[in-house]
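Undergrad: Just my_file-v1.cif, nothing more (mmCIF, C-alpha atoms):
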data_data
loop_
_atom_site.group_PDB
_atom_site.id
_atom_site.type_symbol
_atom_site.label_atom_id
_atom_site.label_comp_id
_atom_site.auth_asym_id
_atom_site.auth_seq_id
_atom_site.Cartn_x
_atom_site.Cartn_y
_atom_site.Cartn_z
ATOM 1 C CA MET A 30 -28.666 40.751 22.186
ATOM 2 C CA LYS A 31 -25.080 41.575 21.311
ATOM 3 C CA VAL A 32 -23.377 43.139 18.300
ATOM 4 C CA SER A 33 -19.967 42.160 16.960
ATOM 5 C CA ALA A 34 -16.990 44.407 16.267
ATOM 6 C CA LYS A 35 -17.686 43.841 12.557
ATOM 7 C CA GLU A 36 -21.271 45.080 12.910
ATOM 8 C CA ILE A 37 -20.122 48.117 14.877
ATOM 9 C CA ALA A 38 -17.461 48.882 12.265
ATOM 10 C CA GLY A 39 -20.026 48.529 9.474
ATOM 11 C CA GLU A 40 -22.454 50.901 11.167
ATOM 12 C CA LEU A 41 -19.716 53.474 11.832
ATOM 13 C CA LEU A 42 -18.614 53.356 8.190
ATOM 14 C CA ASN A 43 -22.208 53.741 7.021
ATOM 15 C CA ARG A 44 -22.722 56.779 9.257
ATOM 16 C CA LEU A 45 -19.493 58.390 8.059
ATOM 17 C CA TRP A 46 -20.492 57.693 4.444
ATOM 18 C CA GLU A 47 -23.870 59.371 4.930
ATOM 19 C CA GLN A 48 -22.200 62.421 6.467
ATOM 20 C CA TYR A 49 -19.684 62.548 3.641
ATOM 21 C CA ILE A 50 -22.174 62.373 0.750
ATOM 22 C CA SER A 51 -24.283 65.065 2.409
ATOM 23 C CA ARG A 52 -21.257 67.365 1.987
ATOM 24 C CA VAL A 53 -19.725 66.012 -1.237
ATOM 25 C CA HIS A 54 -22.510 66.312 -3.799
ATOM 26 C CA TYR A 55 -20.326 64.808 -6.546
ATOM 27 C CA ALA A 56 -20.271 61.531 -4.592
ATOM 28 C CA LYS A 57 -24.029 61.722 -4.063
ATOM 29 C CA LYS A 58 -24.499 62.217 -7.812
ATOM 30 C CA TYR A 59 -22.305 59.166 -8.488
ATOM 31 C CA VAL A 60 -24.558 57.094 -6.204
ATOM 32 C CA GLU A 61 -27.660 58.300 -8.054
ATOM 33 C CA LEU A 62 -26.159 57.522 -11.473
ATOM 34 C CA VAL A 63 -24.983 54.031 -10.485
ATOM 35 C CA ASN A 64 -28.347 53.211 -8.907
ATOM 36 C CA GLU A 65 -30.142 54.368 -12.067
ATOM 37 C CA LYS A 66 -27.993 51.913 -14.035
ATOM 38 C CA GLY A 67 -28.790 49.064 -11.644
ATOM 39 C CA GLY A 68 -25.205 48.936 -10.428
ATOM 40 C CA LYS A 69 -23.642 48.746 -6.965
ATOM 41 C CA VAL A 70 -21.825 51.354 -4.913
ATOM 42 C CA VAL A 71 -18.865 49.738 -3.160
ATOM 43 C CA ASN A 72 -16.078 51.795 -1.607
ATOM 44 C CA ASP A 73 -12.478 50.702 -2.022
ATOM 45 C CA HIS A 74 -10.985 52.859 0.704
ATOM 46 C CA ILE A 75 -11.393 55.835 3.017
ATOM 47 C CA ALA A 76 -8.631 58.384 3.617
ATOM 48 C CA LEU A 77 -7.935 60.372 6.782
ATOM 49 C CA ARG A 78 -5.256 62.969 7.561
ATOM 50 C CA THR A 79 -3.446 63.795 10.811
ATOM 51 C CA PHE A 80 -0.642 65.854 12.404
ATOM 52 C CA ASN A 81 2.263 63.897 13.870
ATOM 53 C CA THR A 82 2.729 66.238 16.821
ATOM 54 C CA HIS A 83 1.411 66.659 20.356
ATOM 55 C CA THR A 84 -2.338 67.248 20.062
ATOM 56 C CA GLY A 85 -3.419 67.715 23.656
ATOM 57 C CA GLU A 86 -5.344 64.717 24.979
ATOM 58 C CA GLN A 87 -5.779 63.115 21.542
ATOM 59 C CA PRO A 88 -3.131 60.626 20.357
ATOM 60 C CA GLU A 89 -0.763 62.090 17.797
ATOM 61 C CA GLY A 90 -0.618 61.298 14.077
ATOM 62 C CA ILE A 91 -1.744 57.932 12.762
ATOM 63 C CA ARG A 92 -2.282 56.738 16.354
ATOM 64 C CA ALA A 93 -5.255 59.125 16.575
ATOM 65 C CA ILE A 94 -7.104 56.813 14.173
ATOM 66 C CA LYS A 95 -5.298 53.515 14.767
ATOM 67 C CA HIS A 96 -6.440 53.171 18.380
ATOM 68 C CA ILE A 97 -10.054 53.216 17.158
ATOM 69 C CA LEU A 98 -9.436 50.845 14.249
ATOM 70 C CA ASN A 99 -7.774 48.343 16.600
ATOM 71 C CA CYS A 100 -11.065 47.545 18.307
ATOM 72 C CA LEU A 101 -12.935 47.280 14.980
ATOM 73 C CA ASP A 102 -10.838 44.361 13.663
ATOM 74 C CA TYR A 103 -8.806 46.565 11.300
ATOM 75 C CA THR A 104 -5.063 45.848 11.189
ATOM 76 C CA PRO A 105 -2.145 47.776 9.636
ATOM 77 C CA VAL A 106 -0.909 46.221 6.403
ATOM 78 C CA GLU A 107 1.649 48.476 4.726
ATOM 79 C CA LYS A 108 3.543 51.726 5.367
ATOM 80 C CA TYR A 109 4.246 54.491 2.840
ATOM 81 C CA THR A 110 6.600 57.482 2.757
ATOM 82 C CA PHE A 111 6.066 60.678 0.752
ATOM 83 C CA THR A 112 9.356 62.497 1.264
ATOM 84 C CA ARG A 113 8.649 65.627 -0.758
ATOM 85 C CA LYS A 114 5.302 66.159 0.938
ATOM 86 C CA LYS A 115 6.722 65.382 4.399
ATOM 87 C CA LEU A 116 4.101 62.680 4.899
ATOM 88 C CA THR A 117 4.025 59.079 6.038
ATOM 89 C CA ALA A 118 1.019 56.779 5.887
ATOM 90 C CA VAL A 119 -0.325 53.350 6.763
ATOM 91 C CA HIS A 120 -3.188 51.468 5.198
ATOM 92 C CA PHE A 121 -5.400 49.214 7.302
ATOM 93 C CA GLU A 122 -7.556 46.300 6.202
ATOM 94 C CA HIS A 123 -10.511 44.420 7.663
ATOM 95 C CA PRO A 124 -10.751 40.603 7.504
ATOM 96 C CA ASP A 125 -13.877 41.063 5.372
ATOM 97 C CA LYS A 126 -12.379 42.228 2.067
ATOM 98 C CA MET A 127 -15.627 43.966 1.087
ATOM 99 C CA PHE A 128 -15.045 46.448 3.903
ATOM 100 C CA PRO A 129 -13.155 49.503 2.633
ATOM 101 C CA LYS A 130 -9.466 49.791 3.358
ATOM 102 C CA ILE A 131 -8.567 52.777 5.529
ATOM 103 C CA PHE A 132 -5.616 54.920 4.454
ATOM 104 C CA VAL A 133 -4.305 57.147 7.266
ATOM 105 C CA SER A 134 -1.566 59.689 6.630
ATOM 106 C CA GLN A 135 0.304 62.040 8.931
ATOM 107 C CA LEU A 136 2.216 65.248 8.348
ATOM 108 C CA GLU A 137 5.683 65.075 9.923
ATOM 109 C CA VAL A 138 5.329 68.503 11.494
ATOM 110 C CA GLU A 139 8.967 68.723 12.646
ATOM 111 C CA LYS A 140 10.045 68.793 8.979
ATOM 112 C CA LEU A 141 8.232 72.082 8.350
ATOM 113 C CA PRO A 142 9.881 75.481 8.923
ATOM 114 C CA GLU A 143 10.042 76.369 12.623
ATOM 115 C CA TRP A 144 7.428 79.114 12.331
ATOM 116 C CA ALA A 145 4.975 76.630 10.777
ATOM 117 C CA GLN A 146 5.674 74.082 13.511
ATOM 118 C CA ARG A 147 4.941 76.679 16.187
ATOM 119 C CA LEU A 148 1.751 77.767 14.445
ATOM 120 C CA ILE A 149 0.374 74.201 14.262
ATOM 121 C CA ARG A 150 1.421 73.280 17.790
ATOM 122 C CA ASN A 151 -0.063 76.438 19.295
ATOM 123 C CA THR A 152 -3.398 75.628 17.631
ATOM 124 C CA VAL A 153 -3.616 71.940 18.592
ATOM 125 C CA LYS A 154 -1.748 71.794 21.933
ATOM 126 C CA ASP A 155 -4.912 71.975 24.054
ATOM 127 C CA THR A 156 -6.980 69.553 21.973
ATOM 128 C CA PRO A 157 -9.520 67.683 24.124
ATOM 129 C CA TYR A 158 -10.051 63.963 23.742
ATOM 130 C CA ILE A 159 -13.614 64.096 22.479
ATOM 131 C CA LEU A 160 -14.540 60.488 23.200
ATOM 132 C CA SER A 161 -16.365 59.997 26.500
ATOM 133 C CA ASP A 162 -14.954 57.902 29.343
ATOM 134 C CA SER A 163 -17.727 55.362 28.778
ATOM 135 C CA SER A 164 -16.758 55.011 25.117
ATOM 136 C CA ILE A 165 -13.120 54.456 26.055
ATOM 137 C CA GLU A 166 -14.233 51.677 28.375
ATOM 138 C CA LEU A 167 -16.505 50.173 25.701
ATOM 139 C CA MET A 168 -13.636 50.205 23.193
ATOM 140 C CA SER A 169 -11.497 48.298 25.694
ATOM 141 C CA VAL A 170 -14.240 45.684 26.196
ATOM 142 C CA LEU A 171 -14.788 45.418 22.446
ATOM 143 C CA ASN A 172 -11.074 44.933 21.872
ATOM 144 C CA LYS A 173 -10.975 42.062 24.387
ATOM 145 C CA GLU A 174 -14.312 40.353 23.742
ATOM 146 C CA GLY A 175 -15.134 41.261 20.139
ATOM 147 C CA GLU A 176 -18.732 42.198 20.951
ATOM 148 C CA LEU A 177 -20.922 44.506 23.023
ATOM 149 C CA PRO A 178 -24.556 44.622 24.147
ATOM 150 C CA ARG A 179 -26.557 46.210 21.325
ATOM 151 C CA ILE A 180 -27.455 49.387 23.224
ATOM 152 C CA ALA A 181 -23.819 49.887 24.223
ATOM 153 C CA GLY A 182 -22.722 49.299 20.620
ATOM 154 C CA GLU A 183 -25.162 51.918 19.345
ATOM 155 C CA ALA A 184 -23.930 54.423 21.934
ATOM 156 C CA LEU A 185 -20.315 53.751 20.949
ATOM 157 C CA VAL A 186 -21.018 54.289 17.248
ATOM 158 C CA SER A 187 -22.749 57.603 17.960
ATOM 159 C CA ASP A 188 -19.759 58.781 19.979
ATOM 160 C CA LEU A 189 -17.219 57.580 17.400
ATOM 161 C CA VAL A 190 -19.007 59.433 14.610
ATOM 162 C CA GLN A 191 -18.441 62.680 16.535
ATOM 163 C CA TYR A 192 -14.714 61.930 16.739
ATOM 164 C CA PHE A 193 -14.337 62.368 12.984
ATOM 165 C CA ARG A 194 -14.364 66.148 12.905
ATOM 166 C CA ARG A 195 -11.989 68.938 13.887
ATOM 167 C CA PRO A 196 -11.305 68.477 17.630
ATOM 168 C CA TRP A 197 -9.392 71.737 18.280
ATOM 169 C CA ASP A 198 -10.648 75.309 18.334
ATOM 170 C CA ILE A 199 -11.448 77.362 15.233
ATOM 171 C CA PRO A 200 -8.111 78.252 13.572
ATOM 172 C CA ARG A 201 -7.000 81.747 12.646
ATOM 173 C CA LYS A 202 -7.469 82.837 9.034
ATOM 174 C CA GLU A 203 -3.956 84.281 8.945
ATOM 175 C CA ASP A 204 -2.515 80.932 10.054
ATOM 176 C CA ILE A 205 -4.393 78.996 7.370
ATOM 177 C CA LEU A 206 -3.164 81.289 4.611
ATOM 178 C CA LYS A 207 0.447 81.206 5.829
ATOM 179 C CA LEU A 208 0.476 77.419 6.235
ATOM 180 C CA ASN A 209 -1.044 76.942 2.799
ATOM 181 C CA ASP A 210 2.089 78.477 1.269
ATOM 182 C CA VAL A 211 4.274 75.655 2.610
ATOM 183 C CA SER A 212 1.814 72.744 2.865
ATOM 184 C CA GLN A 213 -1.753 72.691 1.613
ATOM 185 C CA TYR A 214 -2.081 69.407 3.551
ATOM 186 C CA ALA A 215 -1.279 71.277 6.785
ATOM 187 C CA ALA A 216 -3.823 74.003 6.046
ATOM 188 C CA TRP A 217 -6.470 71.364 5.291
ATOM 189 C CA VAL A 218 -5.893 69.441 8.525
ATOM 190 C CA LEU A 219 -5.878 72.620 10.613
ATOM 191 C CA LEU A 220 -9.331 73.398 9.173
ATOM 192 C CA HIS A 221 -10.869 69.912 9.066
ATOM 193 C CA GLY A 222 -9.020 67.826 11.661
ATOM 194 C CA ASN A 223 -10.163 64.186 11.837
ATOM 195 C CA SER A 224 -12.860 64.630 9.168
ATOM 196 C CA VAL A 225 -12.945 62.073 6.358
ATOM 197 C CA ASN A 226 -10.729 63.343 3.547
ATOM 198 C CA HIS A 227 -12.287 61.158 0.853
ATOM 199 C CA PHE A 228 -14.092 57.935 0.047
ATOM 200 C CA THR A 229 -13.236 55.950 -3.085
ATOM 201 C CA ALA A 230 -15.504 54.072 -5.478
ATOM 202 C CA PHE A 231 -14.347 50.492 -6.147
ATOM 203 C CA VAL A 232 -14.974 50.335 -9.888
ATOM 204 C CA ASN A 233 -14.299 46.576 -10.036
ATOM 205 C CA HIS A 234 -17.551 45.976 -8.131
ATOM 206 C CA GLN A 235 -19.609 48.701 -9.802
ATOM 207 C CA ASP A 236 -21.448 46.274 -12.076
ATOM 208 C CA VAL A 237 -22.588 48.836 -14.658
ATOM 209 C CA ALA A 238 -22.369 47.242 -18.105
ATOM 210 C CA GLU A 239 -22.014 50.604 -19.876
ATOM 211 C CA TRP A 240 -19.086 51.561 -17.638
ATOM 212 C CA PRO A 241 -16.827 48.507 -17.653
ATOM 213 C CA ASP A 242 -13.714 50.322 -16.448
ATOM 214 C CA LEU A 243 -12.374 53.474 -14.834
ATOM 215 C CA GLU A 244 -12.068 55.431 -18.074
ATOM 216 C CA THR A 245 -15.670 54.894 -19.183
ATOM 217 C CA THR A 246 -16.880 55.642 -15.651
ATOM 218 C CA CYS A 247 -14.984 58.942 -15.497
ATOM 219 C CA ASN A 248 -16.198 59.903 -18.962
ATOM 220 C CA ALA A 249 -19.795 59.214 -17.933
ATOM 221 C CA LEU A 250 -19.445 61.281 -14.759
ATOM 222 C CA ALA A 251 -17.963 64.170 -16.732
ATOM 223 C CA ALA A 252 -20.826 63.933 -19.247
ATOM 224 C CA ALA A 253 -23.246 64.157 -16.308
ATOM 225 C CA GLY A 254 -21.691 67.477 -15.303
ATOM 226 C CA ILE A 255 -19.354 66.300 -12.529
ATOM 227 C CA PRO A 256 -15.992 68.117 -12.735
ATOM 228 C CA MET A 257 -13.258 65.505 -12.968
ATOM 229 C CA LYS A 258 -9.483 65.295 -12.655
ATOM 230 C CA ASP A 259 -8.066 65.889 -16.121
ATOM 231 C CA SER A 260 -6.141 62.596 -16.339
ATOM 232 C CA LEU A 261 -6.074 59.063 -14.941
ATOM 233 C CA GLU A 262 -3.341 57.888 -12.589
ATOM 234 C CA GLY A 263 -1.865 54.582 -13.763
ATOM 235 C CA GLU A 264 -1.935 52.779 -17.094
ATOM 236 C CA LYS A 265 -4.897 50.795 -18.385
ATOM 237 C CA GLY A 266 -4.518 47.184 -17.303
ATOM 238 C CA SER A 267 -2.018 48.034 -14.539
ATOM 239 C CA LYS A 268 -2.434 46.871 -10.961
ATOM 240 C CA LEU A 269 -4.009 50.172 -9.904
ATOM 241 C CA GLN A 270 -5.711 52.980 -11.803
ATOM 242 C CA GLN A 271 -7.165 55.987 -9.994
ATOM 243 C CA SER A 272 -8.952 59.231 -10.701
ATOM 244 C CA ALA A 273 -11.182 61.640 -8.818
ATOM 245 C CA THR A 274 -13.754 64.362 -8.984
ATOM 246 C CA LEU A 275 -12.568 67.832 -8.146
ATOM 247 C CA ALA A 276 -12.863 68.756 -4.478
ATOM 248 C CA VAL A 277 -15.973 70.521 -3.261
ATOM 249 C CA LYS A 278 -15.474 73.852 -1.519
ATOM 250 C CA GLU A 279 -17.193 74.969 1.652
ATOM 251 C CA GLU A 280 -17.558 78.135 3.653
ATOM 252 C CA VAL A 281 -15.391 77.449 6.706
ATOM 253 C CA GLU A 282 -15.371 79.428 9.929
ATOM 254 C CA VAL A 283 -12.084 81.072 10.898
ATOM 255 C CA GLU A 284 -10.840 83.656 13.382
ATOM 256 C CA GLY A 285 -10.267 86.903 11.520
ATOM 257 C CA GLU A 286 -8.805 90.174 12.748
ATOM 258 C CA ASP A 287 -12.230 91.382 13.874
ATOM 259 C CA GLY A 288 -13.672 88.112 15.156
ATOM 260 C CA LEU A 289 -15.269 85.090 13.504
ATOM 261 C CA GLU A 290 -15.711 85.157 9.737
ATOM 262 C CA PHE A 291 -16.116 82.739 6.835
ATOM 263 C CA MET A 292 -13.764 81.906 3.983
ATOM 264 C CA THR A 293 -14.022 79.486 1.070
ATOM 265 C CA TRP A 294 -11.811 76.395 1.255
ATOM 266 C CA THR A 295 -11.662 72.895 -0.180
ATOM 267 C CA TYR A 296 -13.180 70.009 1.734
ATOM 268 C CA ALA A 297 -13.187 66.673 -0.103
ATOM 269 C CA TYR A 298 -13.274 64.948 -3.452
ATOM 270 C CA TYR A 299 -14.605 61.527 -4.460
ATOM 271 C CA GLU A 300 -11.938 59.187 -5.729
ATOM 272 C CA LEU A 301 -12.440 56.223 -8.063
ATOM 273 C CA ALA A 302 -10.159 53.188 -8.262
ATOM 274 C CA GLN A 303 -9.869 50.144 -10.495
ATOM 275 C CA ARG A 304 -7.623 47.346 -9.296
ATOM 276 C CA GLY A 305 -5.770 44.862 -11.476
ATOM 277 C CA TYR A 306 -4.576 41.343 -10.752
ATOM 278 C CA ILE A 307 -1.167 40.275 -9.489
ATOM 279 C CA ILE A 308 0.402 36.878 -8.869
ATOM 280 C CA GLU A 309 1.230 36.268 -5.229
ATOM 281 C CA ASN A 310 2.540 32.914 -3.975
ATOM 282 C CA GLY A 311 1.457 31.371 -7.272
ATOM 283 C CA GLU A 312 -2.115 32.633 -6.863
ATOM 284 C CA GLU A 313 -3.855 35.323 -8.912
ATOM 285 C CA LYS A 314 -5.437 38.019 -6.738
ATOM 286 C CA LEU A 315 -6.468 41.663 -6.862
ATOM 287 C CA PHE A 316 -3.731 44.094 -5.926
ATOM 288 C CA ASN A 317 -4.759 45.503 -2.542
ATOM 289 C CA GLY A 318 -2.107 48.124 -1.863
ATOM 290 C CA PHE A 319 -1.371 51.675 -2.947
ATOM 291 C CA LEU A 320 1.263 53.188 -5.225
ATOM 292 C CA GLY A 321 3.252 56.059 -3.766
ATOM 293 C CA GLU A 322 3.576 58.306 -6.815
ATOM 294 C CA GLN A 323 -0.112 58.024 -7.686
ATOM 295 C CA ALA A 324 -1.186 58.674 -4.111
ATOM 296 C CA ALA A 325 1.099 61.716 -3.983
ATOM 297 C CA HIS A 326 -0.662 63.223 -7.004
ATOM 298 C CA LEU A 327 -4.071 62.622 -5.428
ATOM 299 C CA PHE A 328 -3.066 64.415 -2.215
ATOM 300 C CA ASP A 329 -3.004 67.542 -4.380
ATOM 301 C CA MET A 330 -6.714 67.300 -5.179
ATOM 302 C CA THR A 331 -7.449 69.409 -2.092
ATOM 303 C CA LYS A 332 -5.358 72.360 -3.293
ATOM 304 C CA THR A 333 -7.167 75.671 -3.352
ATOM 305 C CA ARG A 334 -6.805 78.454 -5.878
ATOM 306 C CA GLU A 335 -4.613 80.234 -3.336
ATOM 307 C CA ASN A 336 -1.829 77.615 -3.734
#
With the file now loaded, output its structure as structure tokens.

TA:
Amino acid sequence: MKVSAKEIAGELLNRLWEQYISRVHYAKKYVELVNEKGGKVVNDHIALRTFNTHTGEQPEGIRAIKHILNCLDYTPVEKYTFTRKKLTAVHFEHPDKMFPKIFVSQLEVEKLPEWAQRLIRNTVKDTPYILSDSSIELMSVLNKEGELPRIAGEALVSDLVQYFRRPWDIPRKEDILKLNDVSQYAAWVLLHGNSVNHFTAFVNHQDVAEWPDLETTCNALAAAGIPMKDSLEGEKGSKLQQSATLAVKEEVEVEGEDGLEFMTWTYAYYELAQRGYIIENGEEKLFNGFLGEQAAHLFDMTKTREN
């Protein structure tokens, strides 16, 4: 019995989703509310963040995620530049349009002040490649043949799930606080590494009659006690409208002056998106891309009170 790359991708995404909602209780509450209404939970996209610098044995920047997506039938579709935030990004799509898009961004570390560059590079320079040799071989086979024996596929998924976490050592508290002054994105990645930054509800497929659009959905979530972003990104009826819950905060472990200690920091938010129609080659279709200015505003949802 063999499993396809699509089945392996689906199982990996499911496992990452379960991990994510166990940490982001606002997303879990959304699932409960939609299920109570008889609706459907469909995710539009997943976002991941990276450093575009030497990270030990792990590929740098977007490549750290792309080399995994390549064997799961995901392909790059469009590039984005966020000059003020010193970020670039690529979004990837699966042939099955019901699979979430994957939006991977990278901080262009060389554009930070020299002291910040040194701080990041000193933390990540000895990063191990946390996938096993057997998983690397299985990814190569999957890339060539498009399928694996079921047991091998299950082993690969289990290993890949572990990849989506911070791969380098516990960062220093002083470094996090200093970095946060110049780039909250940098501070977040130093703390969370390859962890999922956010999932995004695809409101178009929500199928809740009482919440026909993004605005009514956000209002309902706020009424249920979920803290929400104070405005929507994009105009009603435009090709893309987005909003989000506030980010949950966690107690994260850091190296303090006297050894290991905990500090409160943001982890992730749950985004919501409603897509409008465009005309492409004479055919009406849902807009599948992202809008730079809106995405830039949503990057800020992981700011902490220290910013």

Undergrad: Point out the residue among A:Asp125, A:Asp287, A:Glu280, A:Glu86 with the least atom-to-atom distance to A:Ile159, counting all atoms listed in the file.

TA: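 Of the candidates, the smallest distance to A:Ile159 is held by A:Glu86.
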
Undergrad: Per residue of stretch 39-131 of chain A within 7 Å of stretch 136-156 of chain A, what are the shortest atom pair and its distance in Å to one decimal, counting all atoms listed in the file, with rows by chain and residue number, as CSV?

TA:
residue,atom,partner,partner_atom,distance
A:Thr79,CA,A:Leu136,CA,6.3
A:Phe80,CA,A:Leu136,CA,5.0
A:Asn81,CA,A:Glu137,CA,5.4
A:Thr82,CA,A:Val138,CA,6.3
A:His83,CA,A:Lys154,CA,6.2
A:Thr84,CA,A:Lys154,CA,5.0
A:Gly85,CA,A:Thr156,CA,4.3
A:Glu86,CA,A:Thr156,CA,5.9
A:Gln87,CA,A:Thr156,CA,6.6
A:Lys115,CA,A:Glu137,CA,5.6
A:Leu116,CA,A:Leu136,CA,4.7
A:Thr117,CA,A:Leu136,CA,6.8

Undergrad: Using only C-alpha atoms, please write the residues we just selected to a file, as a PDB file, in the frame of the given file.

TA:
ATOM      1  CA  THR A  79      -3.446  63.795  10.811  1.00  0.00           C
ATOM      2  CA  PHE A  80      -0.642  65.854  12.404  1.00  0.00           C
ATOM      3  CA  ASN A  81       2.263  63.897  13.870  1.00  0.00           C
ATOM      4  CA  THR A  82       2.729  66.238  16.821  1.00  0.00           C
ATOM      5  CA  HIS A  83       1.411  66.659  20.356  1.00  0.00           C
ATOM      6  CA  THR A  84      -2.338  67.248  20.062  1.00  0.00           C
ATOM      7  CA  GLY A  85      -3.419  67.715  23.656  1.00  0.00           C
ATOM      8  CA  GLU A  86      -5.344  64.717  24.979  1.00  0.00           C
ATOM      9  CA  GLN A  87      -5.779  63.115  21.542  1.00  0.00           C
ATOM     10  CA  LYS A 115       6.722  65.382   4.399  1.00  0.00           C
ATOM     11  CA  LEU A 116       4.101  62.680   4.899  1.00  0.00           C
ATOM     12  CA  THR A 117       4.025  59.079   6.038  1.00  0.00           C
TER      13      THR A 117
END

Undergrad: Rank nothing, just name the residue among A:Leu185, A:Val277, A:Leu160, A:Ala93 nearest to A:Ala38, using all atoms listed in the file.

TA: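 Selected residue with least distance to A:Ala38: A:Leu185.
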
Undergrad: So how many Å separate atom CA of A:Val190 and atom CA of A:Asn233, to one decimal?

TA: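 Rounded to one decimal, the two atoms are 28.2 Å apart.
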
Undergrad: As an exercise, work out the distance from atom CA of A:Arg304 to atom CA of A:Lys268 in Å and give it to one decimal place.

TA: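 Interatomic distance, atom CA of A:Arg304 to atom CA of A:Lys268: 5.5 Å.
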
Undergrad: Translate the PyMOL selection byres ((chain A and resi 126) around 12), as applied to the file shown, into an explicit residue set as a PyMOL selection string.

TA: chain A and resi 35+71-74+102-103+121-125+127-131+231+314-317

Undergrad: Find the nearest atom pair between each residue of stretch 229-253 of chain A and stretch 260-264 of chain A for residues within 9 Å, count all atoms listed in the file, give distances in Å to one decimal, sort rows by chain and ascending number, and present the table as a Markdown table.

TA:
| residue | atom | partner | partner_atom | distance |
| --- | --- | --- | --- | --- |
| A:Leu243 | CA | A:Leu261 | CA | 8.4 |
| A:Glu244 | CA | A:Leu261 | CA | 7.7 |
| A:Cys247 | CA | A:Leu261 | CA | 8.9 |

Undergrad: Go through A:Ala56, A:Leu289, A:Ala216, A:Met168 and flag the residue nearest A:Thr331, using all atoms listed in the file for the distances.

TA: A:Ala216

Undergrad: Rank nothing, just name the residue among A:Leu101, A:Val53, A:Leu77, A:Ala230 nearest to A:Val218, using all atoms listed in the file.

TA: A:Leu77

Undergrad: Counting all atoms listed in the file, which residues sit no farther than 9 Å from the position (-9.1, 57.2, 18.4) in the file's frame? I'd like them as a list of chain:residue names.

TA: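 With a cut-off of 9 Å, the residues come to A:Gln87, A:Pro88, A:Arg92, A:Ala93, A:Ile94, A:Lys95, A:His96, A:Ile97, A:Leu98, A:Tyr158, A:Leu160, A:Leu189, A:Tyr192.
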
Undergrad: Could you tell me how far atom CA of A:Val225 sits from atom CA of A:Lys332, in Å to one decimal place?

TA: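 Spanning atom CA of A:Lys332 to atom CA of A:Val225 is a straight-line distance of 16.0 Å.
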
Undergrad: So which residues touch A:Thr333 within 10 Å, counting only C-alpha atoms, skipping near sequence neighbours fewer than 5 positions away, as an NGL selection string?

TA: :A and (209 or 213 or 217 or 276 or 278 or 293-296)

Undergrad: With the file shown as input, list the residues that the PyMOL selection byres ((chain A and resi 107) around 8) selects, as an MDAnalysis selection string.

TA: chainID A and resid 105:106 108:109 119:121 318

Undergrad: Nearest residue to A:Gln135 out of A:Phe319, A:Phe228, A:Tyr214, A:Phe193, using only C-alpha atoms?

TA: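 Under the stated criterion, the closest residue is A:Tyr214.
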
Undergrad: Between A:Lys265, A:Lys57, A:His221, A:Lys69, which one has atoms that come closest to A:Val237, using only C-alpha atoms?

TA: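 Using only C-alpha atoms, the shortest distance to A:Val237 belongs to A:Lys69.
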